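Everything below belongs to work_19.txt, which stores compact mmCIF, C-alpha atoms and all ligand atoms.
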```
# COMPACT_ATOMS: atom_id res chain seq x y z
CA MET A 89 -36.78 29.92 -31.87
CA SER A 90 -35.02 31.93 -34.54
CA GLY A 91 -32.22 34.03 -33.10
CA PRO A 92 -31.86 35.41 -29.61
CA VAL A 93 -34.83 37.10 -28.03
CA ASN A 94 -34.34 40.43 -26.35
CA LEU A 95 -35.99 39.79 -23.02
CA ALA A 96 -35.60 43.40 -21.89
CA ARG A 97 -37.31 44.72 -25.00
CA ALA A 98 -40.15 42.21 -24.70
CA ALA A 99 -40.58 43.17 -21.07
CA ALA A 100 -40.56 46.88 -21.85
CA VAL A 101 -43.35 46.45 -24.36
CA ASP A 102 -45.35 44.53 -21.84
CA GLY A 103 -44.60 46.75 -18.88
CA TRP A 104 -44.84 43.94 -16.36
CA LEU A 105 -41.17 43.81 -15.54
CA ALA A 106 -40.88 47.54 -15.96
CA ARG A 107 -43.20 47.98 -13.01
CA LEU A 108 -41.23 45.41 -11.08
CA GLY A 109 -37.98 47.28 -11.80
CA ARG A 110 -39.34 50.56 -10.48
CA GLY A 111 -39.10 49.29 -6.93
CA LEU A 112 -37.81 51.41 -4.08
CA TRP A 113 -34.29 50.05 -4.40
CA ALA A 114 -31.95 50.05 -7.38
CA PRO A 115 -32.43 46.63 -8.96
CA ARG A 116 -29.48 44.26 -8.78
CA CYS A 117 -28.63 41.40 -11.07
CA LEU A 118 -30.01 38.18 -9.56
CA VAL A 119 -26.95 36.30 -10.81
CA CYS A 120 -23.90 38.44 -10.12
CA GLY A 121 -25.12 41.37 -8.01
CA GLU A 122 -24.06 44.02 -10.51
CA GLN A 123 -26.51 46.82 -11.22
CA ALA A 124 -29.37 45.50 -13.31
CA ALA A 125 -29.91 46.83 -16.81
CA GLY A 126 -33.04 48.58 -15.61
CA ARG A 127 -36.07 46.65 -16.78
CA ILE A 128 -35.27 43.13 -15.65
CA ASP A 129 -33.34 41.79 -12.67
CA LEU A 130 -30.27 40.91 -14.72
CA CYS A 131 -27.24 42.99 -15.63
CA ALA A 132 -26.56 43.53 -19.33
CA ARG A 133 -23.80 40.92 -19.34
CA CYS A 134 -25.87 38.16 -17.71
CA GLU A 135 -28.86 38.95 -19.93
CA ALA A 136 -26.66 38.71 -23.02
CA ALA A 137 -25.42 35.31 -21.78
CA LEU A 138 -28.91 33.78 -21.51
CA PRO A 139 -28.73 30.47 -23.43
CA TRP A 140 -31.91 30.81 -25.50
CA MET A 141 -32.85 27.54 -27.17
CA PRO A 142 -31.55 27.10 -30.73
CA ALA A 143 -33.55 25.21 -33.40
CA ALA A 144 -34.60 21.98 -31.73
CA CYS A 145 -36.49 18.74 -32.28
CA LEU A 146 -40.21 19.44 -32.04
CA ALA A 147 -40.87 16.33 -29.94
CA CYS A 148 -37.95 16.21 -27.49
CA ALA A 149 -36.45 19.74 -27.60
CA MET A 150 -32.93 18.52 -28.22
CA PRO A 151 -30.98 20.94 -30.42
CA LEU A 152 -30.86 19.76 -34.03
CA ARG A 153 -27.49 19.22 -35.67
CA PRO A 154 -26.90 20.96 -37.92
CA PRO A 155 -29.16 23.79 -36.72
CA ALA A 156 -29.86 24.56 -40.39
CA ALA A 157 -32.17 21.52 -40.27
CA GLY A 158 -34.56 24.06 -38.81
CA ALA A 159 -37.30 24.18 -36.23
CA GLY A 160 -40.35 22.00 -36.61
CA ARG A 161 -38.34 18.91 -37.46
CA LEU A 162 -37.92 15.68 -35.54
CA CYS A 163 -34.56 14.25 -34.52
CA SER A 164 -33.77 10.72 -35.69
CA ALA A 165 -34.53 9.22 -32.26
CA CYS A 166 -38.04 10.74 -32.24
CA GLN A 167 -38.64 9.67 -35.84
CA ARG A 168 -37.84 6.09 -34.83
CA ALA A 169 -39.85 6.12 -31.58
CA PRO A 170 -42.22 9.10 -31.26
CA PRO A 171 -42.65 10.11 -27.60
CA PRO A 172 -46.14 10.57 -26.08
CA LEU A 173 -45.59 14.33 -26.09
CA ALA A 174 -46.86 15.95 -29.30
CA GLU A 175 -44.47 18.87 -28.87
CA THR A 176 -41.81 19.80 -26.34
CA HIS A 177 -40.43 23.31 -26.07
CA ALA A 178 -37.65 24.62 -23.86
CA ALA A 179 -36.94 28.29 -23.32
CA PHE A 180 -33.25 27.66 -22.63
CA LEU A 181 -30.44 25.20 -22.79
CA TYR A 182 -29.34 24.35 -19.26
CA GLY A 183 -26.32 26.64 -18.96
CA PHE A 184 -25.13 29.91 -17.44
CA PRO A 185 -26.89 31.91 -16.01
CA VAL A 186 -30.00 29.70 -16.03
CA ASP A 187 -28.01 27.05 -14.12
CA ARG A 188 -27.63 29.61 -11.31
CA LEU A 189 -31.25 30.78 -11.32
CA LEU A 190 -33.09 27.44 -11.49
CA PRO A 191 -31.49 25.84 -8.39
CA ARG A 192 -32.33 28.98 -6.44
CA LEU A 193 -35.96 28.54 -7.38
CA LYS A 194 -35.91 24.77 -6.83
CA PHE A 195 -34.12 24.58 -3.50
CA HIS A 196 -34.44 28.03 -1.93
CA ARG A 197 -37.80 29.20 -3.19
CA ASP A 198 -36.22 32.31 -4.70
CA LEU A 199 -39.38 33.83 -6.13
CA ALA A 200 -37.57 36.67 -7.89
CA ALA A 201 -35.64 34.05 -9.87
CA GLY A 202 -38.93 32.22 -10.52
CA ARG A 203 -40.63 35.34 -11.84
CA LEU A 204 -37.72 36.13 -14.14
CA LEU A 205 -37.64 32.58 -15.54
CA ALA A 206 -41.43 32.45 -15.96
CA GLU A 207 -41.28 35.76 -17.83
CA ALA A 208 -38.63 34.31 -20.13
CA MET A 209 -40.82 31.25 -20.73
CA ALA A 210 -43.76 33.51 -21.58
CA VAL A 211 -41.63 35.32 -24.16
CA ALA A 212 -40.34 32.04 -25.62
CA PHE A 213 -43.76 30.34 -25.81
CA ALA A 214 -45.98 33.32 -26.69
CA ALA A 215 -46.45 32.18 -30.30
CA ARG A 216 -47.32 28.54 -29.43
CA PRO A 217 -50.92 27.35 -29.77
CA ARG A 218 -52.75 27.93 -26.48
CA PRO A 219 -53.73 24.75 -24.65
CA ASP A 220 -56.85 24.31 -22.54
CA ALA A 221 -54.76 24.05 -19.39
CA LEU A 222 -51.24 24.26 -18.01
CA VAL A 223 -50.46 21.41 -15.63
CA PRO A 224 -47.29 21.65 -13.51
CA VAL A 225 -45.53 18.31 -13.07
CA PRO A 226 -46.50 17.39 -9.50
CA LEU A 227 -44.24 16.32 -6.67
CA HIS A 228 -45.19 13.36 -4.52
CA ARG A 229 -46.83 14.61 -1.31
CA ALA A 230 -43.88 13.41 0.81
CA ARG A 231 -41.50 15.48 -1.32
CA LEU A 232 -43.89 18.41 -1.29
CA ARG A 233 -44.09 18.30 2.49
CA GLN A 234 -40.32 18.22 2.75
CA ARG A 235 -39.72 21.10 0.32
CA GLY A 236 -42.85 23.12 1.05
CA TYR A 237 -43.60 24.10 -2.55
CA ASN A 238 -43.49 22.77 -6.10
CA GLN A 239 -41.06 24.68 -8.30
CA ALA A 240 -43.00 23.67 -11.43
CA LEU A 241 -46.11 25.34 -10.01
CA GLU A 242 -44.07 28.46 -9.18
CA LEU A 243 -43.26 28.69 -12.91
CA ALA A 244 -46.68 27.65 -14.21
CA ARG A 245 -48.67 30.21 -12.18
CA PRO A 246 -47.03 33.40 -13.51
CA LEU A 247 -46.70 31.83 -16.96
CA GLY A 248 -50.42 31.09 -17.10
CA ARG A 249 -51.23 34.58 -15.89
CA ARG A 250 -49.03 36.16 -18.54
CA LEU A 251 -50.41 34.04 -21.41
CA GLY A 252 -54.01 33.88 -20.21
CA ILE A 253 -54.08 30.10 -19.75
CA GLY A 254 -55.72 28.39 -16.79
CA VAL A 255 -53.40 26.45 -14.46
CA ARG A 256 -54.67 23.10 -13.13
CA PRO A 257 -52.25 21.87 -10.44
CA GLU A 258 -54.90 19.57 -8.95
CA LEU A 259 -55.43 17.58 -12.14
CA LEU A 260 -52.41 15.30 -11.88
CA ARG A 261 -51.22 13.44 -8.82
CA ARG A 262 -47.91 11.69 -8.25
CA THR A 263 -48.80 8.38 -6.72
CA ARG A 264 -45.29 7.04 -6.24
CA ASP A 265 -42.41 8.72 -4.53
CA THR A 266 -39.88 7.75 -7.15
CA ASP A 267 -36.22 7.38 -6.34
CA PRO A 268 -33.93 10.27 -7.15
CA GLN A 269 -33.79 10.03 -10.91
CA SER A 270 -30.11 10.75 -11.27
CA ARG A 271 -29.07 7.41 -9.78
CA LEU A 272 -30.89 5.34 -12.40
CA ASP A 273 -30.16 4.58 -16.02
CA ALA A 274 -32.80 5.29 -18.67
CA ALA A 275 -34.50 1.88 -18.59
CA ALA A 276 -34.64 1.75 -14.80
CA ARG A 277 -35.97 5.29 -14.76
CA ALA A 278 -38.81 4.46 -17.13
CA ALA A 279 -39.77 1.36 -15.10
CA ASN A 280 -39.60 3.40 -11.92
CA LEU A 281 -41.98 5.99 -13.34
CA ASP A 282 -44.46 3.53 -14.80
CA GLU A 283 -47.86 4.36 -13.29
CA ALA A 284 -46.28 7.08 -11.16
CA PHE A 285 -49.01 9.57 -12.07
CA GLU A 286 -52.79 9.52 -12.00
CA VAL A 287 -55.39 11.98 -13.20
CA ARG A 288 -57.73 13.03 -10.43
CA GLY A 289 -61.46 13.51 -10.56
CA THR A 290 -64.15 11.85 -12.57
CA GLY A 291 -64.24 14.02 -15.70
CA ALA A 292 -61.99 13.48 -18.68
CA ALA A 293 -58.76 15.45 -18.91
CA PRO A 294 -58.99 18.64 -21.02
CA PRO A 295 -58.40 17.98 -24.75
CA HIS A 296 -55.11 19.88 -24.98
CA VAL A 297 -52.82 19.98 -21.98
CA VAL A 298 -49.36 21.51 -21.64
CA LEU A 299 -47.17 20.09 -18.88
CA VAL A 300 -44.87 22.62 -17.23
CA ASP A 301 -41.58 21.73 -15.57
CA ASP A 302 -38.34 23.42 -14.62
CA VAL A 303 -35.77 21.14 -16.26
CA MET A 304 -36.10 18.30 -18.76
CA THR A 305 -33.28 15.77 -18.79
CA THR A 306 -34.27 12.36 -20.18
CA GLY A 307 -37.94 13.24 -20.48
CA ALA A 308 -38.98 10.07 -18.62
CA THR A 309 -40.96 11.99 -16.00
CA LEU A 310 -42.76 14.11 -18.59
CA HIS A 311 -43.51 11.04 -20.70
CA ALA A 312 -45.03 9.20 -17.74
CA ALA A 313 -47.17 12.24 -16.90
CA ALA A 314 -48.24 12.58 -20.55
CA ASP A 315 -49.21 8.89 -20.70
CA ALA A 316 -51.48 9.34 -17.67
CA LEU A 317 -53.20 12.37 -19.24
CA LEU A 318 -53.65 10.61 -22.59
CA ASP A 319 -55.12 7.58 -20.81
CA ALA A 320 -57.55 9.96 -19.08
CA GLY A 321 -58.89 11.37 -22.34
CA ALA A 322 -56.55 14.17 -23.35
CA TRP A 323 -55.99 14.07 -27.10
CA ARG A 324 -52.83 16.12 -27.09
CA VAL A 325 -50.17 16.71 -24.45
CA ASP A 326 -47.20 19.05 -24.94
CA ALA A 327 -44.45 20.07 -22.54
CA TRP A 328 -43.06 23.55 -21.91
CA VAL A 329 -39.94 23.51 -19.79
CA CYS A 330 -37.66 26.27 -18.65
CA ALA A 331 -34.43 24.49 -19.58
CA ARG A 332 -33.32 21.44 -21.53
CA ALA A 333 -30.36 19.52 -20.16
CA PRO A 334 -28.56 17.16 -22.54
ZN ZN B 1 -25.19 39.84 -13.84
ZN ZN B 2 -36.38 14.43 -30.73
```

How does the structure come out when it is put into structure tokens?
Amino acid sequence: MSGPVNLARAAAVDGWLARLGRGLWAPRCLVCGEQAAGRIDLCARCEAALPWMPAACLACAMPLRPPAAGAGRLCSACQRAPPPLAETHAAFLYGFPVDRLLPRLKFHRDLAAGRLLAEAMAVAFAARPRPDALVPVPLHRARLRQRGYNQALELARPLGRRLGIGVRPELLRRTRDTDPQSRLDAAARAANLDEAFEVRGTGAAPPHVVLVDDVMTTGATLHAAADALLDAGAWRVDAWVCARAP
């Protein structure tokens, strides 16, 4: 993305968040509690701090150094070993205030935070080629039962509505309840995720699928999900994530 995006201005044009902001109560910043700027649920200071993604590798969404290398380029790691994802796009770097909003969505089902982040993703990805379907990265059913909802679906639903793309949460199933990823190194993580996903149903996967997730760290989970979709007949799989962690 070239330069910071003015989320408030994009929202004002659209009117979606404007309607939201005209609630019965004065809107408060979801991050710090200050009075919101008016059109979105962030104060001017927190909105200005949003860590919009700088020019990044097209395949893994890691910021390119130097940024002058420009968008649309691959980092050296992806040139050496192209990942199964054709393109990966992140709306934000994982930093303040996104690092406050995402955990509230993930662990406390804060839907106001989810709507705000999905709106930001819609702004960031509006110019991308439209896929046939958005597929949220699924949780294993044991994890889903424990948490009660899938945060990736909470982002994918409003995002699909905003961009006019169908959301297919039933398409992909997580067949293995993988260990918490943070305790494993990269190789162990990849082995752990091998065959962790399967495409459901008898028909082939849609030709162009975009996986949606909240945070991308190593990419191992997204790569495993993309492999399953490619095996099932998809010819292109991209990923759109809210935030990229290094
Ligand atoms: Zn604030
Ligand atoms: Zn890369």

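Of the listed residues (A:Leu259, A:Val297, A:Ala143, A:Ala284), A:Val297 comes nearest to Asp220 (chain A); the distances count all atoms listed in the file.
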
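Candidate residues A:Leu152, A:Val186, A:Met141, A:Ala214 were compared for distance to ligand ZN 1 (chain B), and the nearest is A:Val186, using only C-alpha atoms and all ligand atoms.
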
### Task
May I ask you to write as JSON, numbers by chain all residues lying at most 8 Å from ligand ZN 1 (chain B), with only C-alpha atoms and all ligand atoms counted?
{"A": [116, 117, 118, 119, 120, 121, 122, 123, 124, 130, 131, 132, 133, 134, 135]}

For the residues in that selection, give me C-alpha atoms as a short mmCIF file (atom, residue, chain, number, x, y, z; two decimals), in the coordinates of the input.
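The resulting file, part-v3.cif, is shown below:
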```
data_model
loop_
_atom_site.label_atom_id
_atom_site.label_comp_id
_atom_site.auth_asym_id
_atom_site.auth_seq_id
_atom_site.Cartn_x
_atom_site.Cartn_y
_atom_site.Cartn_z
CA ARG A 116 -29.48 44.26 -8.78
CA CYS A 117 -28.63 41.40 -11.07
CA LEU A 118 -30.01 38.18 -9.56
CA VAL A 119 -26.95 36.30 -10.81
CA CYS A 120 -23.90 38.44 -10.12
CA GLY A 121 -25.12 41.37 -8.01
CA GLU A 122 -24.06 44.02 -10.51
CA GLN A 123 -26.51 46.82 -11.22
CA ALA A 124 -29.37 45.50 -13.31
CA LEU A 130 -30.27 40.91 -14.72
CA CYS A 131 -27.24 42.99 -15.63
CA ALA A 132 -26.56 43.53 -19.33
CA ARG A 133 -23.80 40.92 -19.34
CA CYS A 134 -25.87 38.16 -17.71
CA GLU A 135 -28.86 38.95 -19.93
#
```

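A distance cut-off of 9 Å from ligand ZN 2 (chain B), applied to all atoms listed in the file, picks out the residues Ala144, Cys145, Leu146, Ala147, Cys148, Ala149, Met150, Pro151, Leu152, Arg161, Leu162, Cys163, Ser164, Ala165, Cys166, Gln167, Pro170, Pro171 and Thr176 of chain A.
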
Who sits within 10 Å of Ala179 (chain A), only C-alpha atoms, same chain under 4 positions skipped, as a PDB file with C-alpha atoms, in the frame of the given file:
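What landed in selection11.pdb:
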```
ATOM      1  CA  MET A  89     -36.780  29.920 -31.870  1.00  0.00           C
ATOM      2  CA  LEU A 138     -28.910  33.780 -21.510  1.00  0.00           C
ATOM      3  CA  PRO A 139     -28.730  30.470 -23.430  1.00  0.00           C
ATOM      4  CA  TRP A 140     -31.910  30.810 -25.500  1.00  0.00           C
ATOM      5  CA  MET A 141     -32.850  27.540 -27.170  1.00  0.00           C
ATOM      6  CA  PRO A 142     -31.550  27.100 -30.730  1.00  0.00           C
ATOM      7  CA  ALA A 149     -36.450  19.740 -27.600  1.00  0.00           C
ATOM      8  CA  LEU A 205     -37.640  32.580 -15.540  1.00  0.00           C
ATOM      9  CA  ALA A 206     -41.430  32.450 -15.960  1.00  0.00           C
ATOM     10  CA  ALA A 208     -38.630  34.310 -20.130  1.00  0.00           C
ATOM     11  CA  MET A 209     -40.820  31.250 -20.730  1.00  0.00           C
ATOM     12  CA  ALA A 210     -43.760  33.510 -21.580  1.00  0.00           C
ATOM     13  CA  VAL A 211     -41.630  35.320 -24.160  1.00  0.00           C
ATOM     14  CA  ALA A 212     -40.340  32.040 -25.620  1.00  0.00           C
ATOM     15  CA  PHE A 213     -43.760  30.340 -25.810  1.00  0.00           C
ATOM     16  CA  TRP A 328     -43.060  23.550 -21.910  1.00  0.00           C
ATOM     17  CA  VAL A 329     -39.940  23.510 -19.790  1.00  0.00           C
ATOM     18  CA  CYS A 330     -37.660  26.270 -18.650  1.00  0.00           C
ATOM     19  CA  ALA A 331     -34.430  24.490 -19.580  1.00  0.00           C
ATOM     20  CA  ARG A 332     -33.320  21.440 -21.530  1.00  0.00           C
TER      21      ARG A 332
END
```

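Here CA of Glu175 (chain A) stands at a distance of 27.4 Å from CA of Arg192 (chain A).
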
### Task
To one decimal in Å, tell me the separation between CA of Val300 (chain A) and CA of Ala125 (chain A).
28.5 Å

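For the atom pair formed by CA of Ala320 (chain A) and CA of Ala308 (chain A), the distance is 18.6 Å, given to one decimal.
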
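Near region 322-324 of chain A, within 7 Å and counting only C-alpha atoms, sit A:Ala174, A:Ala293, A:Pro294, A:Pro295, A:His296, A:Val297, A:Leu317, A:Leu318; same-chain residues fewer than 3 positions away were not included.
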
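Nearest residue to Ala316 (chain A), choosing from A:Glu283, A:Pro217, A:Pro334, A:Arg250 and counting only C-alpha atoms: A:Glu283.
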
### Task
For Leu243 (chain A), list every protein, DNA or RNA residue within 12 Å, evaluated using all atoms listed in the file, and leave out those in the same chain fewer than 5 positions away; present the list as a ChimeraX atom specification.
/A:190,193-194,197-210,222-225,237-238,248-250,255,257,299-303,328-331
